[in-house]
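**Student:** Below is coords-v3.pdb; it holds PDB, C-alpha atoms.
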ATOM      1  CA  MET A 884    -263.110 -54.415  94.628
ATOM      2  CA  THR A 885    -265.734 -57.160  94.618
ATOM      3  CA  GLN A 886    -268.303 -56.789  91.863
ATOM      4  CA  THR A 887    -271.796 -58.253  91.790
ATOM      5  CA  SER A 888    -272.471 -60.546  88.854
ATOM      6  CA  PRO A 889    -274.745 -58.813  86.326
ATOM      7  CA  ASN A 890    -276.711 -62.069  85.964
ATOM      8  CA  ARG A 891    -277.535 -62.227  89.664
ATOM      9  CA  THR A 892    -281.077 -61.018  90.371
ATOM     10  CA  LYS A 893    -281.922 -59.746  93.821
ATOM     11  CA  ILE A 894    -285.133 -61.263  95.195
ATOM     12  CA  GLN A 895    -287.801 -58.710  96.001
ATOM     13  CA  ARG A 896    -289.275 -59.713  99.350
ATOM     14  CA  ARG A 897    -292.964 -59.084 100.040
ATOM     15  CA  PRO A 898    -295.518 -59.521 102.821
ATOM     16  CA  VAL A 899    -296.906 -63.051 102.843
ATOM     17  CA  HIS A 900    -299.378 -64.184 105.517
ATOM     18  CA  GLY A 901    -300.407 -67.747 106.201
ATOM     19  CA  VAL A 902    -299.307 -71.238 107.193
ATOM     20  CA  LEU A 903    -297.491 -73.634 104.886
ATOM     21  CA  LEU A 904    -297.636 -77.293 105.882
ATOM     22  CA  LEU A 905    -294.331 -78.628 104.645
ATOM     23  CA  ASP A 906    -293.430 -82.301 104.523
ATOM     24  CA  LYS A 907    -289.902 -81.798 105.796
ATOM     25  CA  PRO A 908    -287.462 -83.880 103.759
ATOM     26  CA  LEU A 909    -284.890 -86.224 105.220
ATOM     27  CA  GLY A 910    -281.486 -84.653 105.803
ATOM     28  CA  LEU A 911    -282.477 -80.994 106.092
ATOM     29  CA  SER A 912    -282.696 -79.113 109.367
ATOM     30  CA  SER A 913    -285.979 -77.364 110.102
ATOM     31  CA  ASN A 914    -284.321 -74.002 109.538
ATOM     32  CA  GLN A 915    -282.874 -75.056 106.179
ATOM     33  CA  ALA A 916    -286.330 -76.193 105.077
ATOM     34  CA  LEU A 917    -287.819 -72.906 106.293
ATOM     35  CA  GLN A 918    -285.283 -70.800 104.407
ATOM     36  CA  LYS A 919    -285.934 -72.696 101.157
ATOM     37  CA  ALA A 920    -289.695 -72.201 101.467
ATOM     38  CA  LYS A 921    -289.241 -68.555 102.441
ATOM     39  CA  TRP A 922    -287.095 -67.982  99.342
ATOM     40  CA  LEU A 923    -289.622 -69.714  97.071
ATOM     41  CA  LEU A 924    -292.447 -67.522  98.403
ATOM     42  CA  ARG A 925    -290.292 -64.364  98.514
ATOM     43  CA  ALA A 926    -291.647 -63.841 102.030
ATOM     44  CA  ASP A 927    -290.198 -61.099 104.195
ATOM     45  CA  LYS A 928    -291.008 -62.735 107.543
ATOM     46  CA  ALA A 929    -291.188 -66.407 108.487
ATOM     47  CA  GLY A 930    -290.646 -68.880 111.299
ATOM     48  CA  HIS A 931    -291.210 -72.546 112.056
ATOM     49  CA  THR A 932    -293.162 -74.045 114.935
ATOM     50  CA  GLY A 933    -290.577 -76.214 116.642
ATOM     51  CA  THR A 934    -287.716 -78.199 115.209
ATOM     52  CA  LEU A 935    -287.630 -81.610 113.594
ATOM     53  CA  ASP A 936    -284.257 -83.358 113.552
ATOM     54  CA  PRO A 937    -282.520 -83.729 110.162
ATOM     55  CA  LEU A 938    -283.265 -87.466 110.466
ATOM     56  CA  ALA A 939    -287.001 -86.762 110.796
ATOM     57  CA  THR A 940    -289.583 -86.133 108.087
ATOM     58  CA  GLY A 941    -293.213 -85.083 108.181
ATOM     59  CA  VAL A 942    -295.414 -82.220 109.280
ATOM     60  CA  LEU A 943    -293.526 -78.950 109.745
ATOM     61  CA  PRO A 944    -295.903 -75.966 109.914
ATOM     62  CA  LEU A 945    -294.158 -72.851 108.601
ATOM     63  CA  CYS A 946    -295.637 -69.513 109.636
ATOM     64  CA  PHE A 947    -295.393 -66.459 107.393
ATOM     65  CA  GLY A 948    -296.083 -62.828 108.268
ATOM     66  CA  ALA A 949    -298.932 -62.406 110.744
ATOM     67  CA  ALA A 950    -299.029 -66.166 111.373
ATOM     68  CA  THR A 951    -295.738 -65.930 113.299
ATOM     69  CA  LYS A 952    -297.653 -64.200 116.103
ATOM     70  CA  PHE A 953    -299.539 -67.441 116.807
ATOM     71  CA  SER A 954    -296.743 -69.990 116.316
ATOM     72  CA  GLN A 955    -296.453 -70.624 120.078
ATOM     73  CA  LEU A 956    -299.786 -72.438 119.927
ATOM     74  CA  GLN A 957    -298.191 -75.059 117.683
ATOM     75  CA  LEU A 958    -295.154 -75.328 119.942
ATOM     76  CA  ASP A 959    -297.534 -76.188 122.788
ATOM     77  CA  ALA A 960    -299.693 -78.580 120.733
ATOM     78  CA  ASP A 961    -299.968 -82.352 121.109
ATOM     79  CA  LYS A 962    -298.223 -84.351 118.403
ATOM     80  CA  THR A 963    -298.201 -87.808 116.777
ATOM     81  CA  TYR A 964    -295.092 -89.553 115.476
ATOM     82  CA  GLU A 965    -294.200 -92.811 113.766
ATOM     83  CA  ALA A 966    -290.740 -94.237 114.422
ATOM     84  CA  VAL A 967    -288.639 -97.329 113.866
ATOM     85  CA  LEU A 968    -286.600 -98.573 116.831
ATOM     86  CA  LEU A 969    -283.487-100.559 115.969
ATOM     87  CA  LEU A 970    -282.814-102.925 118.873
ATOM     88  CA  GLY A 971    -279.433-104.100 120.120
ATOM     89  CA  GLN A 972    -277.365-100.952 119.733
ATOM     90  CA  LYS A 973    -277.170 -97.615 121.531
ATOM     91  CA  THR A 974    -275.706 -94.625 119.709
ATOM     92  CA  SER A 975    -274.218 -91.331 120.873
ATOM     93  CA  THR A 976    -277.199 -89.373 119.538
ATOM     94  CA  ALA A 977    -279.913 -92.004 120.220
ATOM     95  CA  ASP A 978    -280.586 -92.142 116.475
ATOM     96  CA  ALA A 979    -278.979 -93.480 113.323
ATOM     97  CA  GLU A 980    -276.788 -90.377 112.860
ATOM     98  CA  GLY A 981    -274.654 -91.139 115.906
ATOM     99  CA  ASP A 982    -271.770 -93.506 116.597
ATOM    100  CA  VAL A 983    -272.516 -96.911 118.096
ATOM    101  CA  ILE A 984    -271.473 -96.806 121.750
ATOM    102  CA  GLU A 985    -272.875-100.109 122.995
ATOM    103  CA  THR A 986    -274.008-103.420 121.503
ATOM    104  CA  ARG A 987    -276.054-106.048 123.358
ATOM    105  CA  PRO A 988    -277.905-109.227 122.372
ATOM    106  CA  VAL A 989    -281.613-108.891 121.646
ATOM    107  CA  PRO A 990    -284.039-111.258 123.395
ATOM    108  CA  VAL A 991    -287.028-112.789 121.664
ATOM    109  CA  ILE A 992    -289.689-110.096 121.322
ATOM    110  CA  THR A 993    -293.124-111.560 121.970
ATOM    111  CA  GLN A 994    -296.561-110.001 121.635
ATOM    112  CA  GLU A 995    -296.908-110.293 125.407
ATOM    113  CA  LEU A 996    -293.748-108.218 125.857
ATOM    114  CA  LEU A 997    -295.002-105.580 123.399
ATOM    115  CA  HIS A 998    -298.305-105.365 125.286
ATOM    116  CA  GLU A 999    -296.442-104.921 128.567
ATOM    117  CA  LEU A1000    -294.188-102.219 127.082
ATOM    118  CA  THR A1001    -297.220-100.429 125.665
ATOM    119  CA  ARG A1002    -298.868-100.415 129.075
ATOM    120  CA  ARG A1003    -295.686 -99.286 130.830
ATOM    121  CA  PHE A1004    -294.938 -96.401 128.495
ATOM    122  CA  THR A1005    -298.484 -95.055 128.113
ATOM    123  CA  GLY A1006    -299.576 -92.242 130.417
ATOM    124  CA  PRO A1007    -297.509 -89.727 132.421
ATOM    125  CA  GLN A1008    -293.762 -90.209 131.967
ATOM    126  CA  THR A1009    -290.561 -88.588 133.189
ATOM    127  CA  GLN A1010    -287.860 -87.940 130.569
ATOM    128  CA  VAL A1011    -284.351 -86.556 130.769
ATOM    129  CA  PRO A1012    -283.781 -84.542 127.542
ATOM    130  CA  PRO A1013    -281.014 -85.959 125.322
ATOM    131  CA  MET A1014    -277.693 -84.151 125.057
ATOM    132  CA  TYR A1015    -278.144 -83.923 121.297
ATOM    133  CA  SER A1016    -281.085 -81.516 121.427
ATOM    134  CA  ALA A1017    -281.771 -77.825 120.848
ATOM    135  CA  LEU A1018    -282.742 -77.318 124.501
ATOM    136  CA  LYS A1019    -280.583 -74.582 126.009
ATOM    137  CA  LYS A1020    -278.426 -74.595 129.118
ATOM    138  CA  ASP A1021    -276.764 -71.317 130.178
ATOM    139  CA  GLY A1022    -277.583 -69.809 126.775
ATOM    140  CA  LYS A1023    -276.072 -72.657 124.730
ATOM    141  CA  ALA A1024    -277.895 -75.501 122.980
ATOM    142  CA  LEU A1025    -277.219 -78.891 124.542
ATOM    143  CA  TYR A1026    -275.887 -80.247 121.241
ATOM    144  CA  GLU A1027    -273.089 -77.649 121.410
ATOM    145  CA  TYR A1028    -271.867 -79.212 124.656
ATOM    146  CA  ALA A1029    -272.365 -82.726 123.260
ATOM    147  CA  ARG A1030    -270.228 -82.013 120.177
ATOM    148  CA  LYS A1031    -267.367 -81.068 122.509
ATOM    149  CA  GLY A1032    -267.789 -84.291 124.448
ATOM    150  CA  GLU A1033    -269.256 -82.485 127.447
ATOM    151  CA  ALA A1034    -272.247 -83.784 129.405
ATOM    152  CA  VAL A1035    -274.251 -81.308 131.475
ATOM    153  CA  GLU A1036    -276.955 -81.892 134.033
ATOM    154  CA  ARG A1037    -280.466 -81.788 132.584
ATOM    155  CA  GLU A1038    -283.645 -81.453 134.573
ATOM    156  CA  ALA A1039    -286.170 -84.244 134.038
ATOM    157  CA  ARG A1040    -289.381 -83.298 132.229
ATOM    158  CA  HIS A1041    -292.903 -84.494 132.807
ATOM    159  CA  VAL A1042    -294.620 -85.524 129.570
ATOM    160  CA  THR A1043    -297.643 -87.622 128.684
ATOM    161  CA  ILE A1044    -297.930 -90.446 126.170
ATOM    162  CA  TYR A1045    -301.623 -90.498 125.276
ATOM    163  CA  LYS A1046    -301.461 -93.491 122.965
ATOM    164  CA  LEU A1047    -298.730 -95.932 121.986
ATOM    165  CA  ASP A1048    -298.946 -98.657 119.337
ATOM    166  CA  MET A1049    -296.060-101.111 118.931
ATOM    167  CA  ALA A1050    -295.451-103.849 116.367
ATOM    168  CA  LEU A1051    -292.505-105.898 115.182
ATOM    169  CA  ALA A1052    -290.920-104.570 111.992
ATOM    170  CA  HIS A1053    -288.253-105.699 109.508
ATOM    171  CA  ASP A1054    -285.228-103.486 108.950
ATOM    172  CA  PRO A1055    -281.932-104.619 107.386
ATOM    173  CA  ARG A1056    -279.969-102.402 109.783
ATOM    174  CA  ALA A1057    -280.799-104.443 112.880
ATOM    175  CA  PRO A1058    -281.613-108.039 113.826
ATOM    176  CA  THR A1059    -284.870-106.869 115.385
ATOM    177  CA  ALA A1060    -286.850-103.679 114.927
ATOM    178  CA  ILE A1061    -290.055-102.285 116.385
ATOM    179  CA  ASN A1062    -292.408 -99.840 114.709
ATOM    180  CA  ILE A1063    -294.085 -97.414 117.112
ATOM    181  CA  ILE A1064    -296.815 -94.798 116.684
ATOM    182  CA  VAL A1065    -296.876 -92.281 119.527
ATOM    183  CA  SER A1066    -299.444 -89.606 120.386
ATOM    184  CA  CYS A1067    -297.878 -87.356 123.012
ATOM    185  CA  SER A1068    -297.775 -84.010 124.765
ATOM    186  CA  LYS A1069    -295.418 -81.174 123.870
ATOM    187  CA  GLY A1070    -291.802 -81.622 124.878
ATOM    188  CA  THR A1071    -291.753 -85.388 124.368
ATOM    189  CA  TYR A1072    -288.484 -86.672 122.907
ATOM    190  CA  ILE A1073    -289.136 -89.743 120.776
ATOM    191  CA  ARG A1074    -285.418 -90.541 120.776
ATOM    192  CA  THR A1075    -285.492 -90.682 124.573
ATOM    193  CA  LEU A1076    -288.640 -92.812 124.487
ATOM    194  CA  GLY A1077    -286.877 -95.184 122.090
ATOM    195  CA  GLU A1078    -283.842 -95.432 124.366
ATOM    196  CA  ASP A1079    -286.058 -96.012 127.401
ATOM    197  CA  ILE A1080    -287.927 -98.810 125.612
ATOM    198  CA  GLY A1081    -284.589-100.381 124.633
ATOM    199  CA  GLU A1082    -283.418-100.290 128.250
ATOM    200  CA  ALA A1083    -286.714-101.803 129.424
ATOM    201  CA  ILE A1084    -286.161-104.702 126.996
ATOM    202  CA  GLY A1085    -282.551-104.973 128.170
ATOM    203  CA  CYS A1086    -280.776-104.673 124.830
ATOM    204  CA  GLY A1087    -280.646-100.945 124.119
ATOM    205  CA  ALA A1088    -282.100 -99.227 121.052
ATOM    206  CA  HIS A1089    -281.870 -96.194 118.832
ATOM    207  CA  LEU A1090    -284.142 -94.546 116.270
ATOM    208  CA  GLY A1091    -283.717 -95.675 112.695
ATOM    209  CA  ALA A1092    -286.425 -93.391 111.321
ATOM    210  CA  LEU A1093    -288.822 -90.751 112.608
ATOM    211  CA  ARG A1094    -291.839 -89.120 110.974
ATOM    212  CA  ARG A1095    -294.237 -86.563 112.436
ATOM    213  CA  LEU A1096    -297.732 -87.541 111.376
ATOM    214  CA  GLU A1097    -299.725 -84.804 113.096
ATOM    215  CA  THR A1098    -299.307 -81.654 115.150
ATOM    216  CA  GLY A1099    -302.066 -79.478 116.569
ATOM    217  CA  GLY A1100    -304.659 -80.778 114.107
ATOM    218  CA  TYR A1101    -302.444 -80.526 111.014
ATOM    219  CA  THR A1102    -301.703 -83.912 109.382
ATOM    220  CA  ASP A1103    -299.098 -85.159 106.927
ATOM    221  CA  SER A1104    -301.830 -85.749 104.326
ATOM    222  CA  GLN A1105    -302.192 -81.944 104.096
ATOM    223  CA  CYS A1106    -298.496 -81.322 103.495
ATOM    224  CA  VAL A1107    -296.649 -80.302 100.366
ATOM    225  CA  SER A1108    -293.095 -81.419  99.593
ATOM    226  CA  LEU A1109    -290.234 -79.086  98.717
ATOM    227  CA  PRO A1110    -289.809 -80.572  95.197
ATOM    228  CA  ALA A1111    -293.536 -80.063  94.541
ATOM    229  CA  LEU A1112    -293.312 -76.497  95.844
ATOM    230  CA  GLU A1113    -290.286 -75.786  93.622
ATOM    231  CA  ALA A1114    -292.170 -77.047  90.557
ATOM    232  CA  MET A1115    -295.112 -74.689  91.137
ATOM    233  CA  SER A1116    -295.684 -71.170  89.924
ATOM    234  CA  GLU A1117    -295.638 -68.454  92.556
ATOM    235  CA  ALA A1118    -299.441 -68.344  92.460
ATOM    236  CA  GLY A1119    -299.518 -72.106  93.017
ATOM    237  CA  ARG A1120    -297.264 -71.766  96.041
ATOM    238  CA  GLU A1121    -299.490 -69.062  97.498
ATOM    239  CA  ALA A1122    -302.497 -71.333  96.994
ATOM    240  CA  CYS A1123    -300.844 -73.871  99.323
ATOM    241  CA  LEU A1124    -300.969 -71.423 102.224
ATOM    242  CA  LEU A1125    -303.588 -72.001 104.898
ATOM    243  CA  PRO A1126    -305.074 -68.853 106.457
ATOM    244  CA  VAL A1127    -303.488 -67.423 109.589
ATOM    245  CA  GLN A1128    -306.637 -68.249 111.585
ATOM    246  CA  SER A1129    -306.129 -71.967 110.956
ATOM    247  CA  LEU A1130    -303.694 -71.768 113.893
ATOM    248  CA  VAL A1131    -306.583 -70.925 116.235
ATOM    249  CA  ALA A1132    -309.349 -72.869 114.484
ATOM    250  CA  ALA A1133    -309.890 -75.150 117.491
ATOM    251  CA  TYR A1134    -310.960 -72.239 119.726
ATOM    252  CA  PRO A1135    -314.339 -70.446 120.004
ATOM    253  CA  ALA A1136    -314.938 -67.519 117.649
ATOM    254  CA  VAL A1137    -316.188 -64.005 118.461
ATOM    255  CA  THR A1138    -317.363 -61.564 115.766
ATOM    256  CA  LEU A1139    -317.287 -57.787 116.268
ATOM    257  CA  GLY A1140    -319.050 -54.943 114.518
ATOM    258  CA  ALA A1141    -317.047 -52.233 112.768
ATOM    259  CA  ASP A1142    -316.736 -49.879 115.764
ATOM    260  CA  ASP A1143    -315.776 -52.600 118.211
ATOM    261  CA  ALA A1144    -313.346 -54.108 115.675
ATOM    262  CA  GLY A1145    -311.425 -50.862 115.318
ATOM    263  CA  ARG A1146    -311.191 -50.352 119.059
ATOM    264  CA  PHE A1147    -310.236 -53.985 119.642
ATOM    265  CA  LEU A1148    -307.380 -53.705 117.129
ATOM    266  CA  SER A1149    -306.082 -50.674 119.007
ATOM    267  CA  GLY A1150    -305.779 -52.883 122.087
ATOM    268  CA  LEU A1151    -308.879 -51.780 123.966
ATOM    269  CA  ARG A1152    -310.956 -54.224 125.978
ATOM    270  CA  ARG A1153    -314.562 -54.595 124.916
ATOM    271  CA  ARG A1154    -317.256 -54.909 127.578
ATOM    272  CA  GLY A1155    -320.204 -57.016 126.425
ATOM    273  CA  SER A1156    -323.668 -57.773 127.672
ATOM    274  CA  PRO A1157    -324.016 -60.985 129.699
ATOM    275  CA  GLY A1158    -322.978 -63.895 127.490
ATOM    276  CA  GLN A1159    -322.317 -61.727 124.421
ATOM    277  CA  TRP A1160    -318.779 -63.064 124.007
ATOM    278  CA  GLY A1161    -319.729 -66.541 125.211
ATOM    279  CA  PRO A1162    -318.509 -68.169 128.437
ATOM    280  CA  ASP A1163    -315.173 -67.333 130.022
ATOM    281  CA  ALA A1164    -312.391 -68.717 127.825
ATOM    282  CA  ALA A1165    -308.591 -68.680 127.930
ATOM    283  CA  LEU A1166    -308.461 -68.108 124.170
ATOM    284  CA  VAL A1167    -310.925 -67.117 121.471
ATOM    285  CA  GLN A1168    -310.429 -66.160 117.822
ATOM    286  CA  VAL A1169    -311.767 -62.711 116.962
ATOM    287  CA  TYR A1170    -313.196 -61.488 113.636
ATOM    288  CA  GLY A1171    -314.559 -58.259 112.259
ATOM    289  CA  SER A1172    -317.887 -58.455 110.439
ATOM    290  CA  ASP A1173    -317.570 -55.506 108.027
ATOM    291  CA  PRO A1174    -315.523 -56.667 106.236
ATOM    292  CA  ALA A1175    -315.223 -60.261 107.420
ATOM    293  CA  ALA A1176    -311.610 -60.346 108.617
ATOM    294  CA  PHE A1177    -309.519 -62.171 111.191
ATOM    295  CA  LEU A1178    -308.277 -59.696 113.801
ATOM    296  CA  GLY A1179    -306.413 -61.816 116.334
ATOM    297  CA  SER A1180    -306.904 -63.647 119.595
ATOM    298  CA  ALA A1181    -308.308 -62.687 122.990
ATOM    299  CA  HIS A1182    -309.565 -64.181 126.209
ATOM    300  CA  VAL A1183    -312.953 -63.710 127.823
ATOM    301  CA  THR A1184    -313.351 -62.960 131.517
ATOM    302  CA  ALA A1185    -316.575 -61.789 133.184
ATOM    303  CA  ASP A1186    -318.140 -60.655 129.863
ATOM    304  CA  GLU A1187    -315.033 -58.686 128.934
ATOM    305  CA  LEU A1188    -313.132 -59.387 125.707
ATOM    306  CA  ILE A1189    -309.455 -58.813 126.439
ATOM    307  CA  PRO A1190    -307.074 -58.552 123.451
ATOM    308  CA  GLY A1191    -304.231 -61.048 123.140
ATOM    309  CA  ARG A1192    -302.210 -61.389 119.930
ATOM    310  CA  LEU A1193    -303.429 -58.805 117.434
ATOM    311  CA  LEU A1194    -302.918 -58.273 113.738
ATOM    312  CA  SER A1195    -301.921 -54.796 112.658
ATOM    313  CA  PRO A1196    -304.311 -52.844 110.418
ATOM    314  CA  ILE A1197    -301.769 -53.211 107.589
ATOM    315  CA  GLU A1198    -301.722 -56.996 108.051
ATOM    316  CA  VAL A1199    -305.524 -57.082 107.975
ATOM    317  CA  GLN A1200    -305.532 -55.041 104.779
ATOM    318  CA  ASP A1201    -302.833 -57.249 103.207
ATOM    319  CA  MET A1202    -304.869 -60.365 103.954
ATOM    320  CA  LEU A1203    -308.082 -58.847 102.597
ATOM    321  CA  ALA A1204    -306.269 -57.768  99.450
ATOM    322  CA  ALA A1205    -304.777 -61.243  98.949
ATOM    323  CA  ARG A1206    -308.216 -62.768  99.400
ATOM    324  CA  SER A1207    -309.953 -60.440  96.953
ATOM    325  CA  SER A1208    -306.983 -59.844  94.586
ATOM    326  CA  VAL A1209    -307.719 -56.121  94.526
ATOM    327  CA  SER A1210    -306.078 -53.080  96.055
ATOM    328  CA  PRO A1211    -306.478 -53.071  99.847
ATOM    329  CA  LEU A1212    -307.604 -49.458  99.872
ATOM    330  CA  SER A1213    -310.304 -49.974  97.249
ATOM    331  CA  SER A1214    -311.882 -52.673  99.421
ATOM    332  CA  SER A1215    -311.464 -50.919 102.776
ATOM    333  CA  PRO A1216    -314.894 -50.201 104.251
ATOM    334  CA  ALA A1217    -315.553 -48.473 107.552
ATOM    335  CA  ALA A1218    -314.024 -51.092 109.847
ATOM    336  CA  ILE A1219    -310.671 -51.123 108.077
ATOM    337  CA  ALA A1220    -310.641 -47.331 107.854
ATOM    338  CA  ALA A1221    -311.219 -47.242 111.603
ATOM    339  CA  MET A1222    -308.437 -49.787 112.166
ATOM    340  CA  ALA A1223    -305.946 -47.602 110.355
TER     341      ALA A1223
END
Once more with this new file: its structure as structure tokens, please.

**Tutor:**
Amino acid sequence: MTQTSPNRTKIQRRPVHGVLLLDKPLGLSSNQALQKAKWLLRADKAGHTGTLDPLATGVLPLCFGAATKFSQLQLDADKTYEAVLLLGQKTSTADAEGDVIETRPVPVITQELLHELTRRFTGPQTQVPPMYSALKKDGKALYEYARKGEAVEREARHVTIYKLDMALAHDPRAPTAINIIVSCSKGTYIRTLGEDIGEAIGCGAHLGALRRLETGGYTDSQCVSLPALEAMSEAGREACLLPVQSLVAAYPAVTLGADDAGRFLSGLRRRGSPGQWGPDAALVQVYGSDPAAFLGSAHVTADELIPGRLLSPIEVQDMLAARSSVSPLSSSPAAIAAMA
């Protein structure tokens, strides 16, 4: 019979609500980074907002508790990346982790050529997703097919490159390298962009490095590293969490009185006077006023506030308690009592 070591302490999970901006380290998958952060915070519910390859570093927003309800907004957000393209070689994965499958001579890269490439690859683009990606086909991730040596048909995607900066770089791994900074729409594969640029030059290319600088308004300057997080006390780790509502901070805000807040949290639409909720909007952030608390999201149509993603009364109480560091019930005025 297997016995549990007496020195092994079981972690007591707890409700944690907020967004942790992690600077994902090189070599870890997004899920591995998430699980480490979840363990450090003892959080009972967590998710990330779209994967970064093990090769990539940079901004990885991790959502805990109630924040997971709004993670789709980050999946849909525009993003900015910095990457190094190594010219002259194509690899099986389009990055430095793969095997070299083709080698070609590299022409002289002039500033005129870089300007032309910048013009060509800025704006609407069509991309075929790489085989080594988490995109699913018939219920299986593409990389599962790729690891078996199978290639499957992928539908081309329409993406937009809003801004592209290119400059020659020095890298000992290749005779010529290009540094690129890309601001792009959701669904853009930087590895594919790198391969496409290599083909346009005529020599092939693959990614030597990739860093996400920004996603949905969150920047790498706001991030905390895993080693720094490990060195902190639990209170210090909690202090790194951004509030759940930071995920919807770019949208208009609506504030409700206690009665309307309770009804809104139960899923009921709220009819307002003309202009009370502001103009029609696809998404607004909604708050209660007594106490001041984030309640969720909604949309506004014809002076009607229609609930979208809602926090539960327990989640609202948890967040109020964390903010005030007192018992949730002792700080529960009329609105929270009505929500329960």

**Student:** To verify the selection step, state as an NGL selection string which residues the PyMOL selection byres ((chain A and resi 1101) around 10) yields on this input.

**Tutor:** :A and (904 or 942-944 or 957 or 962 or 1096-1100 or 1102-1106 or 1129-1130)

**Student:** Using the chain letters and numbers from this file, what does the PyMOL selection byres ((chain A and resi 1138-1148) around 10) select? Give the answer as a VMD selection string.

**Tutor:** chain A and resid 1136 to 1137 1149 to 1154 1159 to 1160 1168 to 1179 1181 1188 to 1196 1199 1216 to 1223

**Student:** I'd like to know which of A:Ser1108, A:Ser1207, A:Gln1200, A:Gln1010 is closest to Ala920 of chain A, using only C-alpha atoms.

**Tutor:**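 Residue with the minimum atom-to-atom distance to Ala920 of chain A: A:Ser1108.
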
**Student:** So which one's closest to Glu985 of chain A, A:Asp1163, A:Glu1187, A:Asp936, A:Glu1082? Using all atoms listed in the file, please.

**Tutor:**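 Answer, going by the shortest atom-to-atom distance: A:Glu1082.
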
**Student:** Counting only C-alpha atoms, which of A:Thr934, A:Ala926, A:Met1202, A:Arg1040 gets nearest to Asn914 of chain A?

**Tutor:** A:Thr934

**Student:** Figure out the distance between atom CA of Gln1008 of chain A and atom CA of Ile992 of chain A, please, to one decimal in Å.

**Tutor:** 22.9 Å

**Student:** Applying 8 Å and only C-alpha atoms, which residues near Ile1073 of chain A remain after dropping the ones on its own chain fewer than 4 positions away? List them as a PyMOL selection string.

**Tutor:** chain A and resi 964+966+1077

**Student:** Could the centre and edge lengths of an axis-aligned box, enclosing all atoms of segment 1173-1182 of chain A in the file with 3 Å extra on each side, be given in Å to one decimal as AutoDock Vina command-line options?

**Tutor:**
--center_x -312.0 --center_y -59.8 --center_z 116.2 --size_x 17.2 --size_y 14.7 --size_z 26.0

**Student:** Between A:Ala950, A:Thr1075, A:Leu1109, A:Gln895, which is the closest to Gln915 of chain A once you count only C-alpha atoms?

**Tutor:**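 Under the stated criterion, the closest residue is A:Leu1109.
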
**Student:** Report the distance between atom CA of Lys973 of chain A and atom CA of Ala1060 of chain A in Å, rounded to one decimal place.

**Tutor:**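 If I compute the distance from atom CA of Lys973 of chain A to atom CA of Ala1060 of chain A, I get 13.2 Å.
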
**Student:** To verify the selection step, state as a JSON list (two decimals) with C-alpha atoms, in the frame of the given file which residues the PyMOL selection byres ((chain A and resi 899) around 10) yields on this input.

**Tutor:**
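Ended up saving to part-v6.json:
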[["chain", "number", "residue", "atom", "x", "y", "z"],
["A", 896, "ARG", "CA", -289.27, -59.71, 99.35],
["A", 897, "ARG", "CA", -292.96, -59.08, 100.04],
["A", 898, "PRO", "CA", -295.52, -59.52, 102.82],
["A", 900, "HIS", "CA", -299.38, -64.18, 105.52],
["A", 901, "GLY", "CA", -300.41, -67.75, 106.20],
["A", 902, "VAL", "CA", -299.31, -71.24, 107.19],
["A", 921, "LYS", "CA", -289.24, -68.56, 102.44],
["A", 924, "LEU", "CA", -292.45, -67.52, 98.40],
["A", 925, "ARG", "CA", -290.29, -64.36, 98.51],
["A", 926, "ALA", "CA", -291.65, -63.84, 102.03],
["A", 927, "ASP", "CA", -290.20, -61.10, 104.20],
["A", 928, "LYS", "CA", -291.01, -62.74, 107.54],
["A", 929, "ALA", "CA", -291.19, -66.41, 108.49],
["A", 946, "CYS", "CA", -295.64, -69.51, 109.64],
["A", 947, "PHE", "CA", -295.39, -66.46, 107.39],
["A", 948, "GLY", "CA", -296.08, -62.83, 108.27],
["A", 949, "ALA", "CA", -298.93, -62.41, 110.74],
["A", 950, "ALA", "CA", -299.03, -66.17, 111.37],
["A", 1121, "GLU", "CA", -299.49, -69.06, 97.50],
["A", 1124, "LEU", "CA", -300.97, -71.42, 102.22],
["A", 1198, "GLU", "CA", -301.72, -57.00, 108.05],
["A", 1201, "ASP", "CA", -302.83, -57.25, 103.21],
["A", 1202, "MET", "CA", -304.87, -60.36, 103.95],
["A", 1205, "ALA", "CA", -304.78, -61.24, 98.95]]

**Student:** Is it possible to get the residues within 12 Å of (-296.8, -85.7, 126.3) (coordinates as in the file, counting all atoms listed in the file) written as a ChimeraX atom specification?

**Tutor:** /A:959-964,1004-1010,1040-1047,1065-1073,1076

**Student:** Do you have the atom CA of Ser913 of chain A-atom CA of Leu935 of chain A distance handy?

**Tutor:**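 Computed distance, atom CA of Ser913 of chain A to atom CA of Leu935 of chain A, equals 5.7 Å.
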
**Student:** Could you give me, as a VMD selection string, the residues within 9 Å of Lys1020 of chain A, counting all atoms listed in the file and dropping anything in the same chain fewer than 2 positions from it?

**Tutor:** chain A and resid 1018 1022 to 1025 1035 to 1037
